[in-house]
Amino acid sequence: MPFESQVPAPQPAPVRPGRKLGPIADTVGSSHRAWLEQTRDSYLASGLTLNELGSRVLMAKSKLSELLRGLGLYPRWEIVHRLAIELNMPASPLYRLWRQAALDARKTGEWVERSSAKSVLATPHPRPPVEHEPFRRTVEGDYRLYAQAFLDDGARDAAVEDTFDILWLSWNSALASPDIRRYAWNILRATVMAKTPHLDGRPELGSAVFDTVVMQSLKSPAELTEQMAESLELFRAISRLPDNLLDVMVLRHLCGNTEEEAAALLGVPPPTVRSDERHAVRVIFPPPESEGPIE
């Protein structure tokens, strides 16, 4: 299959002297976390200590630790850009993620431009890895349909763009994964879910009612009202499914993908999609008690 990758021999993690970098703060928002996790991964893979990296980017160790944990004030791009240079990270996708997170953190457009003008002008704009573009062309349309089931147009487009920027930043990890398709899908799913309203811990699918083929085929107000009520109840049931079952149902019944297409997007064999769909249907529409418990 195209875009499948081979698992390389495991490499030992770099050993660093001194205290281990602490976790990302719980208060960090999803858009900030999107670029911060990639920056931390690049730092951890670099073999540098905080002291060494701090001396290169002209930051005190304590301040650098705060930045890599998402503590303190939101960092200016010129600081993040210096980190990107030292950690060999592509600046273009990192800047787009940083900028979106700055706006989500209620930074003004003027602040964003002021804190990034010099670095942006000096930043080259390299193309993504060679394999990234054909992979994006293959899956982007389906990614948008999946995101549309949960988000409005603006948030949908932002989620898909963020997905491909994160994938670009982590392309080496994607290549080292057992299957690039599965790796990329996990990024898409996490990005979409971070932007999706949740109710009782589960994503809401209500807006997808209006985009179903069934709803678009109905004409009379009475038919629309009745079908909408049924669809909303069904979507609530779908939203309570485990993640893998939910994704299969959305791809198969809201996006219209075949079993083979859904399997290719998810990076799993078609029999897995078939089994998950069958299980999901039995969870949503359990058989009568006389048939015995579901295995």
# chains A, B, ... in the order shown; residues from 1 in each chain; ligands from 1
call {"tool": "select_by_dssp", "arguments": {"residues": "region 66-97 of chain A", "states": "helix (DSSP H, G or I)", "output": "MDAnalysis selection string"}}
result
chainID A and resid 66:69 77:86 91:97
call {"tool": "residues_around", "arguments": {"residues": "Pro128 (chain A)", "least_positions_apart": "5", "cutoff": "9 Å", "atoms": "only C-alpha atoms", "output": "list in words"}}
result
Pro90, Glu133 and Trp168 of chain A
call {"tool": "residues_around", "arguments": {"residues": "region 153-158 of chain A", "least_positions_apart": "3", "cutoff": "12 Å", "atoms": "only C-alpha atoms", "output": "ChimeraX atom specification"}}
result
/A:31,96-97,100-101,140-150,161-165,188-189,191-197,207-208
call {"tool": "write_last_selection", "arguments": {"atoms": "N, CA and C atoms", "output": "tab-separated table (two decimals), in the first residue's frame"}}
result
chain	number	residue	atom	x	y	z
A	31	SER	N	-4.46	24.89	20.82
A	31	SER	CA	-3.68	25.43	19.71
A	31	SER	C	-2.24	25.72	20.13
A	96	ARG	N	2.77	29.28	11.48
A	96	ARG	CA	1.31	29.30	11.33
A	96	ARG	C	0.62	28.79	12.60
A	97	LEU	N	1.17	27.73	13.19
A	97	LEU	CA	0.59	27.20	14.43
A	97	LEU	C	0.77	28.19	15.57
A	100	GLN	N	-1.75	31.16	15.14
A	100	GLN	CA	-3.11	30.82	15.50
A	100	GLN	C	-3.27	30.74	17.02
A	101	ALA	N	-2.27	30.14	17.67
A	101	ALA	CA	-2.33	30.03	19.13
A	101	ALA	C	-2.26	31.39	19.80
A	140	GLU	N	-6.75	14.98	1.71
A	140	GLU	CA	-7.27	16.26	2.22
A	140	GLU	C	-8.78	16.38	2.09
A	141	GLY	N	-9.34	15.98	0.96
A	141	GLY	CA	-10.79	16.08	0.79
A	141	GLY	C	-11.55	15.27	1.82
A	142	ASP	N	-11.09	14.05	2.07
A	142	ASP	CA	-11.75	13.21	3.07
A	142	ASP	C	-11.55	13.76	4.47
A	143	TYR	N	-10.40	14.33	4.74
A	143	TYR	CA	-10.18	14.95	6.06
A	143	TYR	C	-11.16	16.08	6.29
A	144	ARG	N	-11.44	16.86	5.26
A	144	ARG	CA	-12.39	17.98	5.41
A	144	ARG	C	-13.80	17.46	5.67
A	145	LEU	N	-14.18	16.40	4.99
A	145	LEU	CA	-15.51	15.83	5.22
A	145	LEU	C	-15.65	15.33	6.65
A	146	TYR	N	-14.61	14.66	7.16
A	146	TYR	CA	-14.65	14.18	8.55
A	146	TYR	C	-14.76	15.35	9.51
A	147	ALA	N	-13.92	16.38	9.32
A	147	ALA	CA	-13.95	17.54	10.22
A	147	ALA	C	-15.29	18.26	10.14
A	148	GLN	N	-15.93	18.24	8.94
A	148	GLN	CA	-17.21	18.92	8.76
A	148	GLN	C	-18.30	18.31	9.62
A	149	ALA	N	-18.16	17.05	9.98
A	149	ALA	CA	-19.17	16.40	10.82
A	149	ALA	C	-19.20	16.98	12.23
A	150	PHE	N	-18.13	17.65	12.63
A	150	PHE	CA	-18.03	18.17	13.99
A	150	PHE	C	-17.94	19.70	14.06
A	161	GLU	N	-5.84	22.44	8.20
A	161	GLU	CA	-4.56	23.10	7.97
A	161	GLU	C	-3.59	22.79	9.12
A	162	ASP	N	-4.08	22.86	10.34
A	162	ASP	CA	-3.22	22.55	11.48
A	162	ASP	C	-2.72	21.11	11.41
A	163	THR	N	-3.59	20.21	10.97
A	163	THR	CA	-3.19	18.79	10.87
A	163	THR	C	-1.99	18.63	9.95
A	164	PHE	N	-2.03	19.27	8.78
A	164	PHE	CA	-0.92	19.10	7.84
A	164	PHE	C	0.33	19.85	8.29
A	165	ASP	N	0.17	20.95	9.03
A	165	ASP	CA	1.34	21.62	9.58
A	165	ASP	C	2.00	20.76	10.66
A	188	LEU	N	-5.10	14.23	12.87
A	188	LEU	CA	-6.37	14.85	12.47
A	188	LEU	C	-7.40	14.71	13.56
A	189	ARG	N	-7.55	13.52	14.09
A	189	ARG	CA	-8.59	13.28	15.09
A	189	ARG	C	-8.36	14.14	16.33
A	191	THR	N	-6.72	16.92	16.55
A	191	THR	CA	-6.90	18.34	16.21
A	191	THR	C	-8.37	18.69	16.11
A	192	VAL	N	-9.14	17.84	15.46
A	192	VAL	CA	-10.59	18.09	15.32
A	192	VAL	C	-11.27	18.05	16.68
A	193	MET	N	-10.94	17.05	17.48
A	193	MET	CA	-11.59	16.91	18.78
A	193	MET	C	-11.24	18.06	19.72
A	194	ALA	N	-10.04	18.61	19.58
A	194	ALA	CA	-9.65	19.75	20.43
A	194	ALA	C	-10.49	20.98	20.14
A	195	LYS	N	-11.02	21.07	18.91
A	195	LYS	CA	-11.83	22.22	18.52
A	195	LYS	C	-13.34	21.95	18.60
A	196	THR	N	-13.72	20.70	18.88
A	196	THR	CA	-15.12	20.30	18.87
A	196	THR	C	-15.78	20.52	20.22
A	197	PRO	N	-16.97	21.11	20.26
A	197	PRO	CA	-17.70	21.20	21.54
A	197	PRO	C	-18.01	19.80	22.07
A	207	SER	N	-24.52	19.39	14.49
A	207	SER	CA	-24.49	20.20	13.27
A	207	SER	C	-24.42	19.33	12.02
A	208	ALA	N	-23.99	18.08	12.16
A	208	ALA	CA	-23.88	17.21	10.99
A	208	ALA	C	-25.24	16.80	10.45
call {"tool": "closest_residue", "arguments": {"among": "A:Glu113, A:Trp35, A:Arg69, A:Ala264", "to": "Leu167 (chain A)", "atoms": "only C-alpha atoms"}}
result
A:Trp35
call {"tool": "atom_distance", "arguments": {"atom1": "CA of Glu66 (chain A)", "atom2": "CA of Asn88 (chain A)"}}
result
20.7 Å
call {"tool": "atom_distance", "arguments": {"atom1": "CA of Val130 (chain A)", "atom2": "CA of Ile180 (chain A)"}}
result
14.0 Å
call {"tool": "atom_distance", "arguments": {"atom1": "CA of Ile166 (chain A)", "atom2": "CA of Val80 (chain A)"}}
result
15.6 Å
call {"tool": "residues_around", "arguments": {"residues": "Thr258 (chain A)", "least_positions_apart": "2", "cutoff": "12 Å", "atoms": "only C-alpha atoms", "output": "JSON, numbers by chain"}}
result
{"A": [142, 248, 249, 250, 251, 252, 253, 254, 255, 256, 260, 261, 262, 263, 264, 265, 270, 273, 274, 277]}
call {"tool": "write_last_selection", "arguments": {"atoms": "all heavy atoms", "output": "short mmCIF file (atom, residue, chain, number, x, y, z; two decimals), in the first residue's frame"}}
result
data_model
loop_
_atom_site.label_atom_id
_atom_site.label_comp_id
_atom_site.auth_asym_id
_atom_site.auth_seq_id
_atom_site.Cartn_x
_atom_site.Cartn_y
_atom_site.Cartn_z
N ASP A 142 -11.09 14.05 2.07
CA ASP A 142 -11.75 13.21 3.07
C ASP A 142 -11.55 13.76 4.47
O ASP A 142 -12.45 13.64 5.32
CB ASP A 142 -11.20 11.78 2.99
CG ASP A 142 -11.62 11.09 1.71
OD1 ASP A 142 -12.83 10.97 1.47
OD2 ASP A 142 -10.74 10.67 0.93
N VAL A 248 -15.40 5.17 12.45
CA VAL A 248 -15.90 4.32 11.38
C VAL A 248 -17.32 4.73 10.99
O VAL A 248 -17.65 4.83 9.80
CB VAL A 248 -15.85 2.83 11.79
CG1 VAL A 248 -16.69 1.98 10.85
CG2 VAL A 248 -14.41 2.34 11.81
N MET A 249 -18.18 4.99 11.97
CA MET A 249 -19.55 5.37 11.66
C MET A 249 -19.62 6.73 10.96
O MET A 249 -20.43 6.92 10.05
CB MET A 249 -20.38 5.38 12.94
CG MET A 249 -20.58 4.00 13.57
SD MET A 249 -21.51 2.87 12.50
CE MET A 249 -23.18 3.48 12.74
N VAL A 250 -18.79 7.66 11.38
CA VAL A 250 -18.78 8.97 10.72
C VAL A 250 -18.31 8.83 9.28
O VAL A 250 -18.92 9.38 8.35
CB VAL A 250 -17.88 9.96 11.49
CG1 VAL A 250 -17.64 11.23 10.68
CG2 VAL A 250 -18.52 10.33 12.82
N LEU A 251 -17.23 8.10 9.06
CA LEU A 251 -16.71 7.94 7.70
C LEU A 251 -17.70 7.19 6.81
O LEU A 251 -17.93 7.56 5.65
CB LEU A 251 -15.37 7.19 7.74
CG LEU A 251 -14.18 7.97 8.30
CD1 LEU A 251 -12.96 7.07 8.40
CD2 LEU A 251 -13.86 9.19 7.43
N ARG A 252 -18.30 6.15 7.35
CA ARG A 252 -19.18 5.30 6.52
C ARG A 252 -20.55 5.94 6.28
O ARG A 252 -21.07 5.87 5.18
CB ARG A 252 -19.35 3.93 7.19
CG ARG A 252 -18.10 3.09 7.24
CD ARG A 252 -17.83 2.41 5.89
NE ARG A 252 -18.79 1.34 5.67
CZ ARG A 252 -19.63 1.29 4.64
NH1 ARG A 252 -19.64 2.27 3.75
NH2 ARG A 252 -20.47 0.28 4.49
N HIS A 253 -21.12 6.58 7.31
CA HIS A 253 -22.52 6.98 7.21
C HIS A 253 -22.73 8.49 7.12
O HIS A 253 -23.84 8.92 6.75
CB HIS A 253 -23.30 6.41 8.40
CG HIS A 253 -23.29 4.90 8.41
ND1 HIS A 253 -24.11 4.15 7.60
CD2 HIS A 253 -22.52 4.02 9.10
CE1 HIS A 253 -23.86 2.87 7.80
NE2 HIS A 253 -22.90 2.76 8.70
N LEU A 254 -21.74 9.29 7.46
CA LEU A 254 -21.87 10.74 7.26
C LEU A 254 -21.02 11.22 6.09
O LEU A 254 -21.42 12.13 5.36
CB LEU A 254 -21.46 11.49 8.53
CG LEU A 254 -22.33 11.26 9.76
CD1 LEU A 254 -21.87 12.14 10.92
CD2 LEU A 254 -23.79 11.53 9.45
N CYS A 255 -19.85 10.62 5.92
CA CYS A 255 -18.96 11.03 4.82
C CYS A 255 -19.16 10.20 3.55
O CYS A 255 -18.70 10.59 2.48
CB CYS A 255 -17.51 10.93 5.26
SG CYS A 255 -17.11 11.95 6.70
N GLY A 256 -19.82 9.03 3.68
CA GLY A 256 -20.11 8.22 2.51
C GLY A 256 -18.95 7.40 1.99
O GLY A 256 -18.95 6.99 0.81
N GLU A 260 -13.36 0.10 2.05
CA GLU A 260 -11.96 0.19 1.63
C GLU A 260 -11.41 1.61 1.78
O GLU A 260 -10.27 1.81 2.22
CB GLU A 260 -11.82 -0.27 0.17
CG GLU A 260 -12.06 -1.75 -0.06
CD GLU A 260 -13.54 -2.15 0.05
OE1 GLU A 260 -14.41 -1.23 -0.04
OE2 GLU A 260 -13.81 -3.35 0.22
N GLU A 261 -12.23 2.61 1.44
CA GLU A 261 -11.79 4.00 1.59
C GLU A 261 -11.59 4.35 3.05
O GLU A 261 -10.59 5.01 3.41
CB GLU A 261 -12.81 4.94 0.95
CG GLU A 261 -12.86 4.85 -0.57
CD GLU A 261 -14.07 5.55 -1.16
OE1 GLU A 261 -15.04 5.83 -0.39
OE2 GLU A 261 -14.06 5.84 -2.37
N ALA A 262 -12.52 3.95 3.90
CA ALA A 262 -12.39 4.22 5.34
C ALA A 262 -11.16 3.53 5.90
O ALA A 262 -10.41 4.10 6.71
CB ALA A 262 -13.64 3.76 6.08
N ALA A 263 -10.90 2.30 5.47
CA ALA A 263 -9.73 1.57 5.95
C ALA A 263 -8.44 2.27 5.55
O ALA A 263 -7.49 2.37 6.35
CB ALA A 263 -9.75 0.14 5.40
N ALA A 264 -8.39 2.78 4.31
CA ALA A 264 -7.19 3.47 3.85
C ALA A 264 -6.96 4.75 4.64
O ALA A 264 -5.82 5.09 4.99
CB ALA A 264 -7.31 3.78 2.36
N LEU A 265 -8.02 5.49 4.96
CA LEU A 265 -7.88 6.72 5.74
C LEU A 265 -7.41 6.43 7.16
O LEU A 265 -6.56 7.14 7.71
CB LEU A 265 -9.21 7.47 5.78
CG LEU A 265 -9.64 8.15 4.47
CD1 LEU A 265 -11.10 8.57 4.55
CD2 LEU A 265 -8.75 9.35 4.19
N PRO A 270 -9.42 -3.49 5.94
CA PRO A 270 -10.87 -3.42 5.73
C PRO A 270 -11.68 -4.31 6.67
O PRO A 270 -12.75 -3.88 7.13
CB PRO A 270 -11.04 -3.84 4.26
CG PRO A 270 -9.76 -3.42 3.62
CD PRO A 270 -8.70 -3.66 4.65
N VAL A 273 -12.55 -2.38 9.76
CA VAL A 273 -13.64 -1.42 9.56
C VAL A 273 -14.98 -2.15 9.59
O VAL A 273 -15.94 -1.71 10.24
CB VAL A 273 -13.48 -0.67 8.22
CG1 VAL A 273 -14.73 0.16 7.90
CG2 VAL A 273 -12.25 0.22 8.26
N ARG A 274 -15.05 -3.29 8.93
CA ARG A 274 -16.29 -4.06 8.88
C ARG A 274 -16.69 -4.51 10.28
O ARG A 274 -17.87 -4.41 10.67
CB ARG A 274 -16.08 -5.27 7.97
CG ARG A 274 -17.36 -6.00 7.56
CD ARG A 274 -17.03 -7.09 6.55
NE ARG A 274 -16.26 -6.56 5.44
CZ ARG A 274 -15.04 -7.00 5.10
NH1 ARG A 274 -14.47 -7.98 5.77
NH2 ARG A 274 -14.41 -6.48 4.08
N GLU A 277 -17.81 -1.44 12.41
CA GLU A 277 -19.13 -0.95 12.02
C GLU A 277 -20.22 -1.88 12.56
O GLU A 277 -21.24 -1.42 13.08
CB GLU A 277 -19.23 -0.85 10.50
CG GLU A 277 -20.56 -0.30 10.03
CD GLU A 277 -20.62 -0.17 8.52
OE1 GLU A 277 -19.68 -0.61 7.83
OE2 GLU A 277 -21.63 0.39 8.03
#
